[in-house]
>>> print(open('my_file.cif').read())   # mmCIF, C-alpha atoms (C1' of nucleotides)
data_start
loop_
_atom_site.label_atom_id
_atom_site.label_comp_id
_atom_site.auth_asym_id
_atom_site.auth_seq_id
_atom_site.Cartn_x
_atom_site.Cartn_y
_atom_site.Cartn_z
CA MET F 425 12.13 -24.12 3.35
CA ALA F 426 9.00 -25.66 4.87
CA SER F 427 8.21 -24.98 8.51
CA GLY F 428 9.91 -27.46 10.80
CA LYS F 429 12.80 -28.37 13.06
CA ARG F 430 16.46 -28.06 12.28
CA LYS F 431 19.50 -29.92 13.67
CA ASN F 432 21.84 -27.22 14.97
CA TYR F 433 21.27 -24.60 17.61
CA HIS F 434 22.75 -22.06 15.24
CA HIS F 435 20.98 -21.65 11.95
CA GLY F 436 23.95 -20.52 9.88
CA ASP F 437 22.32 -18.20 7.39
CA LEU F 438 19.32 -16.89 9.27
CA LYS F 439 19.46 -13.37 7.87
CA ASN F 440 19.13 -14.51 4.26
CA SER F 441 16.62 -17.21 5.13
CA LEU F 442 14.35 -14.64 6.75
CA VAL F 443 14.35 -12.49 3.62
CA GLU F 444 13.80 -15.53 1.43
CA ALA F 445 10.92 -16.81 3.58
CA GLY F 446 9.38 -13.34 3.53
CA LEU F 447 9.49 -13.24 -0.28
CA GLU F 448 7.88 -16.66 -0.34
CA LEU F 449 5.06 -15.60 1.99
CA LEU F 450 4.50 -12.52 -0.19
CA ARG F 451 3.60 -14.79 -3.09
CA HIS F 452 0.33 -15.78 -1.44
CA GLN F 453 -0.55 -12.93 0.93
CA ASP F 454 0.11 -9.23 1.09
CA ALA F 455 2.54 -7.45 3.37
CA SER F 456 -0.04 -6.61 6.03
CA GLY F 457 -0.56 -10.32 6.60
CA ILE F 458 3.09 -11.18 7.09
CA SER F 459 4.26 -11.28 10.71
CA LEU F 460 7.72 -11.56 12.18
CA ARG F 461 6.56 -14.54 14.23
CA ALA F 462 5.17 -16.33 11.17
CA VAL F 463 8.38 -15.83 9.21
CA ALA F 464 10.43 -17.14 12.15
CA LYS F 465 8.19 -20.19 12.56
CA GLU F 466 8.41 -20.88 8.82
CA ILE F 467 12.17 -21.26 9.23
CA GLY F 468 11.88 -23.17 12.48
CA VAL F 469 13.46 -20.59 14.73
CA SER F 470 12.18 -18.82 17.83
CA HIS F 471 10.15 -15.69 17.26
CA THR F 472 12.81 -13.49 18.85
CA ALA F 473 15.72 -14.81 16.79
CA PRO F 474 15.17 -12.30 13.94
CA TYR F 475 16.08 -9.48 16.29
CA ARG F 476 19.69 -10.59 16.19
CA HIS F 477 19.74 -9.67 12.46
CA PHE F 478 17.08 -6.97 12.07
CA LYS F 479 16.43 -4.25 14.58
CA SER F 480 12.66 -4.33 13.90
CA LYS F 481 9.98 -5.75 11.67
CA HIS F 482 10.31 -2.59 9.58
CA SER F 483 13.93 -3.33 8.72
CA LEU F 484 13.14 -6.91 7.72
CA LEU F 485 10.43 -5.60 5.40
CA ALA F 486 12.93 -3.08 4.04
CA ALA F 487 15.36 -5.90 3.28
CA ILE F 488 12.62 -7.82 1.45
CA SER F 489 11.59 -4.71 -0.47
CA GLN F 490 15.22 -4.08 -1.36
CA ARG F 491 15.36 -7.50 -3.01
CA GLY F 492 12.31 -6.45 -4.98
CA PHE F 493 14.10 -3.38 -6.28
CA GLU F 494 17.09 -5.51 -7.21
CA ILE F 495 14.83 -7.82 -9.25
CA LEU F 496 13.16 -4.85 -10.93
CA THR F 497 16.44 -3.16 -11.81
CA GLU F 498 17.90 -6.41 -13.14
CA ASN F 499 14.87 -6.94 -15.41
CA THR F 500 14.93 -3.45 -16.86
CA ARG F 501 18.71 -3.63 -17.28
CA GLN F 502 18.29 -6.74 -19.45
CA ALA F 503 15.77 -4.84 -21.58
CA VAL F 504 18.27 -2.04 -22.13
CA ASP F 505 21.11 -4.41 -23.00
CA LYS F 506 18.99 -6.23 -25.57
CA GLU F 507 18.70 -3.14 -27.81
CA PRO F 508 21.82 -1.04 -27.17
CA ASN F 509 21.20 1.37 -30.04
CA ASP F 510 17.43 1.93 -30.11
CA ALA F 511 16.17 4.19 -27.33
CA ARG F 512 12.60 3.77 -28.52
CA GLN F 513 12.80 -0.02 -28.20
CA GLN F 514 14.62 0.26 -24.89
CA LEU F 515 11.78 2.33 -23.51
CA MET F 516 9.21 -0.15 -24.75
CA LEU F 517 11.01 -3.19 -23.32
CA SER F 518 11.80 -1.48 -20.02
CA GLY F 519 8.16 -0.53 -19.70
CA GLN F 520 7.03 -4.08 -20.26
CA ALA F 521 9.60 -5.36 -17.77
CA TYR F 522 8.23 -2.93 -15.20
CA VAL F 523 4.66 -4.00 -15.83
CA ASP F 524 5.66 -7.68 -15.80
CA MET F 525 6.82 -7.11 -12.24
CA ALA F 526 3.21 -6.31 -11.34
CA VAL F 527 2.08 -9.59 -12.85
CA GLU F 528 4.82 -11.76 -11.35
CA HIS F 529 5.16 -10.14 -7.91
CA PRO F 530 2.09 -8.00 -7.19
CA LYS F 531 2.32 -8.08 -3.38
CA LEU F 532 6.05 -7.40 -3.45
CA LEU F 533 5.49 -4.38 -5.67
CA HIS F 534 2.98 -3.02 -3.19
CA LEU F 535 5.41 -3.53 -0.35
CA MET F 536 8.05 -1.61 -2.32
CA PHE F 537 5.75 1.32 -3.11
CA GLY F 538 3.04 0.98 -0.48
CA GLY F 539 4.15 3.94 1.56
CA ALA F 540 4.94 1.93 4.70
CA LEU F 541 8.60 2.03 3.67
CA SER F 542 9.11 5.69 2.92
CA LEU F 543 12.54 6.68 1.71
CA ARG F 544 12.75 8.99 4.70
CA ASP F 545 13.14 6.29 7.35
CA CYS F 546 15.26 3.81 5.39
CA SER F 547 19.01 3.33 5.09
CA THR F 548 20.95 5.21 2.45
CA GLU F 549 21.85 1.86 0.88
CA TYR F 550 18.15 1.08 0.52
CA CYS F 551 17.41 4.48 -1.03
CA GLN F 552 20.21 4.06 -3.55
CA ILE F 553 19.02 0.63 -4.69
CA ALA F 554 15.43 1.83 -4.77
CA GLN F 555 16.34 4.59 -7.20
CA ASN F 556 18.38 2.49 -9.60
CA SER F 557 15.42 1.43 -11.75
CA PHE F 558 14.47 5.08 -12.04
CA LEU F 559 18.00 6.00 -13.07
CA SER F 560 17.81 3.34 -15.76
CA LEU F 561 14.85 5.19 -17.29
CA THR F 562 16.73 8.48 -17.11
CA HIS F 563 19.62 6.94 -19.03
CA ILE F 564 17.33 5.69 -21.76
CA LEU F 565 15.87 9.17 -22.18
CA GLU F 566 19.28 10.85 -22.22
CA ASN F 567 20.37 8.32 -24.83
CA GLY F 568 17.27 9.06 -26.90
CA VAL F 569 17.79 12.80 -26.70
CA SER F 570 21.47 12.64 -27.64
CA THR F 571 20.75 10.39 -30.65
CA GLY F 572 18.04 12.82 -31.74
CA VAL F 573 15.10 10.44 -31.33
CA PHE F 574 13.41 12.19 -28.42
CA LYS F 575 12.45 15.80 -27.92
CA ASP F 576 15.02 17.83 -26.07
CA LYS F 577 13.34 18.42 -22.73
CA SER F 578 14.84 17.98 -19.28
CA SER F 579 15.62 14.29 -19.03
CA THR F 580 15.09 14.02 -15.29
CA GLU F 581 11.66 15.64 -15.40
CA MET F 582 10.80 13.61 -18.46
CA SER F 583 11.79 10.36 -16.81
CA VAL F 584 9.50 11.14 -13.89
CA VAL F 585 6.70 11.36 -16.45
CA VAL F 586 7.65 8.05 -18.08
CA TRP F 587 8.12 6.44 -14.68
CA SER F 588 4.70 7.67 -13.61
CA LEU F 589 3.03 6.05 -16.59
CA LEU F 590 4.70 2.68 -16.08
CA HIS F 591 4.31 2.81 -12.33
CA GLY F 592 0.65 3.73 -12.50
CA LEU F 593 -0.17 0.91 -14.89
CA ALA F 594 1.80 -1.57 -12.78
CA MET F 595 0.10 -0.48 -9.56
CA LEU F 596 -3.39 -0.57 -11.05
CA ILE F 597 -2.77 -4.08 -12.36
CA SER F 598 -1.24 -5.45 -9.17
CA ALA F 599 -3.96 -3.89 -7.02
CA GLY F 600 -6.58 -5.66 -9.14
CA GLN F 601 -8.15 -2.32 -10.01
CA LEU F 602 -8.56 -3.23 -13.70
CA ASP F 603 -11.31 -5.78 -13.26
CA ASN F 604 -12.21 -6.06 -16.95
CA GLU F 605 -10.82 -8.83 -19.09
CA ILE F 606 -7.39 -7.24 -18.79
CA THR F 607 -6.19 -10.14 -16.70
CA SER F 608 -4.36 -12.20 -19.31
CA GLN F 609 -0.63 -11.76 -19.82
CA LYS F 610 -1.14 -11.12 -23.53
CA ARG F 611 -3.75 -8.43 -22.88
CA ILE F 612 -1.44 -6.68 -20.42
CA ARG F 613 1.42 -6.73 -22.91
CA GLU F 614 -0.80 -5.00 -25.47
CA LEU F 615 -1.89 -2.47 -22.90
CA SER F 616 1.63 -1.55 -21.78
CA GLY F 617 2.62 -1.31 -25.44
CA LEU F 618 -0.25 1.05 -26.10
CA ALA F 619 0.72 3.10 -23.05
CA VAL F 620 4.30 3.64 -24.21
CA ASP F 621 3.22 4.24 -27.80
CA THR F 622 0.73 6.87 -26.70
CA LEU F 623 3.37 8.64 -24.66
CA LEU F 624 5.73 8.53 -27.64
CA ASN F 625 3.25 9.65 -30.28
CA GLY F 626 0.89 11.83 -28.28
CA LEU F 627 -2.85 11.91 -27.98
CA LEU F 628 -3.65 15.05 -29.99
CA LYS F 629 -4.60 14.94 -33.65
CA MET E 85 -14.04 14.65 18.10
CA ALA E 86 -11.28 14.35 20.72
CA SER E 87 -11.03 11.16 22.76
CA GLY E 88 -13.25 11.27 25.83
CA LYS E 89 -16.49 10.38 27.59
CA ARG E 90 -19.97 11.00 26.34
CA LYS E 91 -23.30 11.44 28.15
CA ASN E 92 -25.61 8.80 26.69
CA TYR E 93 -25.24 5.05 26.58
CA HIS E 94 -26.18 5.21 22.92
CA HIS E 95 -23.92 7.23 20.70
CA GLY E 96 -26.46 8.19 18.07
CA ASP E 97 -24.33 8.35 14.94
CA LEU E 98 -21.57 5.90 15.67
CA LYS E 99 -21.25 4.56 12.13
CA ASN E 100 -20.48 7.96 10.63
CA SER E 101 -18.32 8.98 13.57
CA LEU E 102 -16.15 5.91 13.08
CA VAL E 103 -15.52 6.76 9.43
CA GLU E 104 -14.86 10.40 10.29
CA ALA E 105 -12.43 9.48 13.08
CA GLY E 106 -10.67 7.07 10.73
CA LEU E 107 -10.21 9.80 8.12
CA GLU E 108 -8.83 12.06 10.83
CA LEU E 109 -6.34 9.43 12.01
CA LEU E 110 -5.25 8.92 8.40
CA ARG E 111 -4.07 12.52 8.28
CA HIS E 112 -1.15 11.76 10.58
CA GLN E 113 -0.46 8.04 10.19
CA ASP E 114 -0.88 5.45 7.47
CA ALA E 115 -3.51 2.76 7.31
CA SER E 116 -1.32 0.05 8.84
CA GLY E 117 -1.13 2.10 12.03
CA ILE E 118 -4.87 2.59 12.44
CA SER E 119 -6.54 0.07 14.73
CA LEU E 120 -10.20 -0.59 15.40
CA ARG E 121 -9.57 -0.16 19.12
CA ALA E 122 -7.85 3.19 18.63
CA VAL E 123 -10.70 4.51 16.47
CA ALA E 124 -13.23 3.37 19.08
CA LYS E 125 -11.29 4.98 21.92
CA GLU E 126 -11.01 8.21 19.93
CA ILE E 127 -14.79 8.41 19.91
CA GLY E 128 -15.12 7.31 23.52
CA VAL E 129 -16.85 4.01 22.88
CA SER E 130 -15.94 0.44 23.83
CA HIS E 131 -13.65 -1.40 21.44
CA THR E 132 -16.36 -3.87 20.46
CA ALA E 133 -19.00 -1.26 19.63
CA PRO E 134 -17.87 -0.89 15.98
CA TYR E 135 -18.93 -4.48 15.34
CA ARG E 136 -22.58 -3.40 15.55
CA HIS E 137 -21.99 -1.29 12.40
CA PHE E 138 -19.13 -2.98 10.57
CA LYS E 139 -18.68 -6.70 10.33
CA SER E 140 -14.87 -6.41 10.50
CA LYS E 141 -11.98 -3.99 10.46
CA HIS E 142 -11.78 -4.57 6.71
CA SER E 143 -15.28 -3.20 6.14
CA LEU E 144 -14.58 -0.10 8.22
CA LEU E 145 -11.48 0.53 6.13
CA ALA E 146 -13.57 0.00 3.00
CA ALA E 147 -16.05 2.63 4.21
CA ILE E 148 -13.19 5.08 4.82
CA SER E 149 -11.69 4.31 1.42
CA GLN E 150 -15.09 4.80 -0.18
CA ARG E 151 -15.20 8.32 1.21
CA GLY E 152 -11.83 8.86 -0.41
CA PHE E 153 -13.20 7.85 -3.80
CA GLU E 154 -16.15 10.18 -3.30
CA ILE E 155 -13.77 13.08 -2.62
CA LEU E 156 -11.66 12.20 -5.67
CA THR E 157 -14.66 11.93 -7.98
CA GLU E 158 -16.10 15.20 -6.70
CA ASN E 159 -12.81 17.02 -7.35
CA THR E 160 -12.43 15.71 -10.90
CA ARG E 161 -16.10 16.40 -11.62
CA GLN E 162 -15.56 20.06 -10.71
CA ALA E 163 -12.63 20.17 -13.13
CA VAL E 164 -14.85 18.84 -15.94
CA ASP E 165 -17.67 21.29 -15.20
CA LYS E 166 -15.30 24.24 -15.25
CA GLU E 167 -14.48 23.76 -18.96
CA PRO E 168 -17.52 22.09 -20.54
CA ASN E 169 -16.29 22.51 -24.13
CA ASP E 170 -12.55 21.97 -24.00
CA ALA E 171 -11.55 18.30 -23.62
CA ARG E 172 -7.90 19.22 -23.55
CA GLN E 173 -8.37 21.56 -20.60
CA GLN E 174 -10.65 19.05 -18.90
CA LEU E 175 -7.92 16.46 -19.07
CA MET E 176 -5.37 18.88 -17.67
CA LEU E 177 -7.56 20.02 -14.78
CA SER E 178 -8.71 16.48 -13.95
CA GLY E 179 -5.12 15.38 -13.90
CA GLN E 180 -4.15 18.11 -11.51
CA ALA E 181 -7.14 17.31 -9.30
CA TYR E 182 -6.04 13.68 -9.17
CA VAL E 183 -2.49 14.64 -8.26
CA ASP E 184 -3.73 17.17 -5.70
CA MET E 185 -5.36 14.25 -3.92
CA ALA E 186 -1.90 12.80 -3.37
CA VAL E 187 -0.77 16.06 -1.80
CA GLU E 188 -3.85 16.60 0.37
CA HIS E 189 -4.60 13.02 1.43
CA PRO E 190 -1.54 10.84 0.79
CA LYS E 191 -2.34 8.11 3.34
CA LEU E 192 -5.95 7.95 2.24
CA LEU E 193 -4.86 7.50 -1.38
CA HIS E 194 -2.68 4.59 -0.34
CA LEU E 195 -5.55 3.02 1.54
CA MET E 196 -7.72 3.35 -1.57
CA PHE E 197 -5.14 1.79 -3.88
CA GLY E 198 -2.89 -0.07 -1.49
CA GLY E 199 -4.09 -3.50 -2.48
CA ALA E 200 -5.46 -4.41 0.94
CA LEU E 201 -8.92 -3.47 -0.35
CA SER E 202 -9.06 -5.37 -3.62
CA LEU E 203 -12.21 -4.90 -5.66
CA ARG E 204 -12.71 -8.66 -5.39
CA ASP E 205 -13.68 -8.75 -1.73
CA CYS E 206 -15.62 -5.49 -1.52
CA SER E 207 -19.31 -4.69 -1.92
CA THR E 208 -20.71 -3.90 -5.36
CA GLU E 209 -21.59 -0.41 -4.08
CA TYR E 210 -17.93 0.12 -3.18
CA CYS E 211 -16.75 -1.10 -6.59
CA GLN E 212 -19.13 1.23 -8.36
CA ILE E 213 -18.02 4.31 -6.43
CA ALA E 214 -14.38 3.31 -6.82
CA GLN E 215 -14.74 3.28 -10.60
CA ASN E 216 -16.52 6.61 -10.96
CA SER E 217 -13.37 8.70 -11.16
CA PHE E 218 -12.13 6.37 -13.88
CA LEU E 219 -15.41 6.74 -15.78
CA SER E 220 -14.99 10.50 -15.58
CA LEU E 221 -11.72 10.17 -17.51
CA THR E 222 -13.38 7.95 -20.09
CA HIS E 223 -16.05 10.60 -20.67
CA ILE E 224 -13.45 13.29 -21.22
CA LEU E 225 -11.73 11.13 -23.82
CA GLU E 226 -14.97 10.27 -25.59
CA ASN E 227 -15.79 13.95 -25.62
CA GLY E 228 -12.39 14.76 -27.08
CA VAL E 229 -12.69 12.12 -29.77
CA SER E 230 -16.19 13.16 -30.83
CA THR E 231 -15.17 16.83 -31.06
CA GLY E 232 -12.17 15.83 -33.15
CA VAL E 233 -9.48 16.95 -30.69
CA PHE E 234 -8.14 13.50 -29.79
CA LYS E 235 -7.03 10.64 -31.97
CA ASP E 236 -9.69 8.08 -32.64
CA LYS E 237 -8.52 5.13 -30.58
CA SER E 238 -10.52 2.98 -28.21
CA SER E 239 -11.60 5.35 -25.43
CA THR E 240 -11.67 2.75 -22.69
CA GLU E 241 -8.16 1.51 -23.43
CA MET E 242 -6.99 5.07 -23.82
CA SER E 243 -8.43 6.13 -20.51
CA VAL E 244 -6.54 3.30 -18.80
CA VAL E 245 -3.40 4.85 -20.24
CA VAL E 246 -4.31 8.33 -19.04
CA TRP E 247 -5.39 6.97 -15.68
CA SER E 248 -2.09 5.12 -15.34
CA LEU E 249 -0.11 8.29 -15.89
CA LEU E 250 -2.06 10.30 -13.32
CA HIS E 251 -2.24 7.44 -10.88
CA GLY E 252 1.47 6.71 -11.11
CA LEU E 253 2.45 10.31 -10.50
CA ALA E 254 0.02 10.57 -7.59
CA MET E 255 1.28 7.36 -6.00
CA LEU E 256 4.94 8.27 -6.39
CA ILE E 257 4.29 11.64 -4.78
CA SER E 258 2.22 10.33 -1.89
CA ALA E 259 4.68 7.52 -1.21
CA GLY E 260 7.44 10.09 -0.91
CA GLN E 261 9.38 8.39 -3.69
CA LEU E 262 10.28 11.67 -5.41
CA ASP E 263 12.75 12.89 -2.82
CA ASN E 264 14.20 15.72 -4.90
CA GLU E 265 12.96 19.26 -4.51
CA ILE E 266 9.61 18.20 -5.99
CA THR E 267 7.90 18.71 -2.66
CA SER E 268 6.38 22.14 -3.18
CA GLN E 269 2.80 22.46 -4.39
CA LYS E 270 3.91 24.72 -7.26
CA ARG E 271 6.56 22.23 -8.40
CA ILE E 272 4.04 19.40 -8.41
CA ARG E 273 1.59 21.46 -10.45
CA GLU E 274 4.28 22.01 -13.07
CA LEU E 275 5.15 18.34 -13.08
CA SER E 276 1.56 17.13 -13.54
CA GLY E 277 1.14 19.72 -16.27
CA LEU E 278 4.23 18.42 -18.03
CA ALA E 279 2.97 14.87 -17.67
CA VAL E 280 -0.37 15.60 -19.36
CA ASP E 281 1.28 17.75 -22.01
CA THR E 282 3.75 15.00 -22.86
CA LEU E 283 0.94 12.49 -23.19
CA LEU E 284 -0.93 14.89 -25.44
CA ASN E 285 1.98 15.90 -27.64
CA GLY E 286 4.16 12.83 -27.54
CA LEU E 287 7.82 12.32 -26.85
CA LEU E 288 9.12 11.62 -30.35
CA LYS E 289 10.60 14.28 -32.57
"C1'" DA G 1299 -31.52 -2.10 18.72
"C1'" DC G 1300 -27.27 -0.75 20.65
"C1'" DC G 1301 -23.34 -1.07 23.72
"C1'" DT G 1302 -20.03 -3.38 27.35
"C1'" DG G 1303 -16.47 -6.56 29.49
"C1'" DA G 1304 -14.21 -10.70 29.81
"C1'" DA G 1305 -11.95 -14.01 27.08
"C1'" DC G 1306 -9.17 -15.96 23.23
"C1'" DA G 1307 -5.60 -16.27 19.97
"C1'" DC G 1308 -2.69 -13.52 17.92
"C1'" DC G 1309 0.93 -9.50 17.36
"C1'" DG G 1310 5.94 -6.66 18.03
"C1'" DT G 1311 9.41 -5.86 21.25
"C1'" DT G 1312 12.47 -6.32 25.45
"C1'" DC G 1313 15.45 -8.80 28.42
"C1'" DA G 1314 17.56 -12.13 31.31
"C1'" DA G 1315 19.20 -16.54 30.52
"C1'" DG G 1316 20.96 -20.48 27.90
"C1'" DT G 1317 24.54 -22.74 23.99
"C1'" DA A 526 28.16 -14.40 18.61
"C1'" DC A 527 23.75 -16.44 18.26
"C1'" DC A 528 19.42 -18.25 19.95
"C1'" DT A 529 15.46 -19.15 23.55
"C1'" DG A 530 11.40 -18.33 26.79
"C1'" DA A 531 8.86 -15.61 29.72
"C1'" DA A 532 6.82 -11.24 29.99
"C1'" DC A 533 4.51 -6.89 28.46
"C1'" DA A 534 1.45 -4.04 26.00
"C1'" DC A 535 -0.93 -4.21 22.21
"C1'" DC A 536 -4.16 -6.28 18.34
"C1'" DG A 537 -9.00 -8.35 15.95
"C1'" DT A 538 -12.85 -11.01 16.98
"C1'" DT A 539 -16.53 -13.61 19.61
"C1'" DC A 540 -20.07 -13.93 22.95
"C1'" DA A 541 -22.83 -13.70 26.99
"C1'" DA A 542 -24.61 -10.06 29.50
"C1'" DG A 543 -26.19 -5.33 30.39
"C1'" DT A 544 -29.33 -0.69 28.97
#
>>> encode(input="my_file.cif", output="structure tokens")
Amino acid sequence: MASGKRKNYHHGDLKNSLVEAGLELLRHQDASGISLRAVAKEIGVSHTAPYRHFKSKHSLLAAISQRGFEILTENTRQAVDKEPNDARQQLMLSGQAYVDMAVEHPKLLHLMFGGALSLRDCSTEYCQIAQNSFLSLTHILENGVSTGVFKDKSSTEMSVVVWSLLHGLAMLISAGQLDNEITSQKRIRELSGLAVDTLLNGLLK
Amino acid sequence: MASGKRKNYHHGDLKNSLVEAGLELLRHQDASGISLRAVAKEIGVSHTAPYRHFKSKHSLLAAISQRGFEILTENTRQAVDKEPNDARQQLMLSGQAYVDMAVEHPKLLHLMFGGALSLRDCSTEYCQIAQNSFLSLTHILENGVSTGVFKDKSSTEMSVVVWSLLHGLAMLISAGQLDNEITSQKRIRELSGLAVDTLLNGLLK
DNA sequence: ACCTGAACACCGTTCAAGT
DNA sequence: ACCTGAACACCGTTCAAGT
């Protein structure tokens, strides 16, 4: 994984290695600081080799971002499976899984939602995977409505609202916009809990 | 404003012109596509001239972003002034002003919150201006609590929750993540209204 | 005090050539 | 089928020199 030479002329699994190396670089610097040449050097391959597997830097970034969405969807899916019968708990756990993503992979989250990779100029496969975590929220809401726990509003519109809340909190955290003492994991858990509770119970007296 | 020559050796107001030209470029391309050299050429000045006024590209971007925060704060302030006695309406109008920012200046919003300009490595003046729109929300909540309209929870924590909701919706819109027919201005108004209403009234039956 | 031009070390991308 | 190296047009940044 470290930068260096390799034995064979052919790498063998260059495509995956590029994505993996990109994810690794994103742990310590944000997407704007990651270059195609740096990723190639990290693997020990010429700086033009990536073009055999990705038609541009943009499509490599899209592949990295796609992995991010897969991680996010997997985490929220686990939250749903843990409480198959309690929509309220599912929403709470999914929310915390979403916000955890901001703590664990802040730069990756910003690549995924930074605007550089708009859904317009990405593959249909990418778009589908990108929307799965959103669909997971929609299912929770539909479940909650059908079991009579949630109010009977349009589930798709409602899940945009829920998504917005979780997404906003995650983005503010990962951007370092909440400079108070909200840095600790425990503090963030409390905050995301409060956020979901407020949405559930309302703000009015 | 168009790219071209100028008469004098000295520009006169280069610092402001650079920020203005940057804002203009941000209308049609995102921050990753804006280069110091392009901004300089747009004004008709050598590509090293900006360094007399900004110590790096980062600080020019920070100045542009700062203007974005000034616009955002001004818009929410107007919403507050319009309804001096109704915290509920203030929250609704502020929310729509925040979301409008995503419609009017999507790329600028992503520069402001994209993570490239973390509060850590920016001037204290920048940090202060960046937090003003957040403080505006806090004041609305305090106002609502003291007039007995809102529940009596911690206002600062609560305003992070409200901020998250508005911020998330704004970021999802400006990133083009909501690819359904939620593109029209009218549709977005309804959606931000629903978002604030849900937060106010809660989701539980 | 403010601006320029050459220079440096980096980019992304293309293309003919090597294995 | 996969990878390399030279080449091109771009970057951000520094610095001696010009007005």
>>> atom_distance(input="my_file.cif", atom1="C1' of DA532 (chain A)", atom2="C1' of DG1316 (chain G)")
17.0 Å
>>> interface_residues(input="my_file.cif", of="chain F", to="chain E", cutoff="7 Å", atoms="all atoms listed in the file", output="VMD selection string")
chain F and resid 534 537 to 539 542 to 543 573 to 575 585 588 to 589 591 to 593 599 to 601 619 622 to 629
>>> closest_atom_pairs(input="my_file.cif", of="chain G", to="chain F", cutoff="9 Å", atoms="all atoms listed in the file", output="tab-separated table")
residue	atom	partner	partner_atom	distance
G:DC1309	C1'	F:Ser459	CA	7.6
G:DG1310	C1'	F:Lys481	CA	7.6
G:DT1311	C1'	F:Ser480	CA	8.2
G:DT1317	C1'	F:Tyr433	CA	7.4
>>> resolve_selection(input="my_file.cif", expression="the PyMOL selection byres ((chain G and resi 1302) around 7)", output="PDB file with C-alpha atoms (C1' of nucleotides), in the coordinates of the input")
ATOM      1  CA  SER E 130     -15.940   0.440  23.830  1.00  0.00           C
TER       2      SER E 130
ATOM      3  C1'  DC G1301     -23.340  -1.070  23.720  1.00  0.00           C
ATOM      4  C1'  DG G1303     -16.470  -6.560  29.490  1.00  0.00           C
TER       5       DG G1303
END
>>> resolve_selection(input="my_file.cif", expression="the PyMOL selection byres ((chain E and resi 106-109) around 8)", output="ChimeraX atom specification")
/E:102-105,110-113,118,123,148,192
>>> residues_around(input="my_file.cif", residues="Ala171 (chain E)", least_positions_apart="4", cutoff="7 Å", atoms="only C-alpha atoms (C1' of nucleotides)", output="VMD selection string")
chain E and resid 175 224 227 to 228
>>> atom_distance(input="my_file.cif", atom1="CA of Thr208 (chain E)", atom2="CA of Ser608 (chain F)")
23.0 Å
>>> atom_distance(input="my_file.cif", atom1="CA of Ala487 (chain F)", atom2="CA of Gln502 (chain F)")
22.9 Å
>>> closest_residue(input="my_file.cif", among="E:Lys166, E:Lys99, E:Arg161, E:Arg136", to="Leu221 (chain E)", atoms="only C-alpha atoms")
E:Arg161
>>> axis_aligned_box(input="my_file.cif", around="region 437-453 of chain F", padding_each_side="6 Å", output="JSON")
{"center_x": 10.9, "center_y": -15.3, "center_z": 3.1, "size_x": 34.9, "size_y": 17.7, "size_z": 24.4}
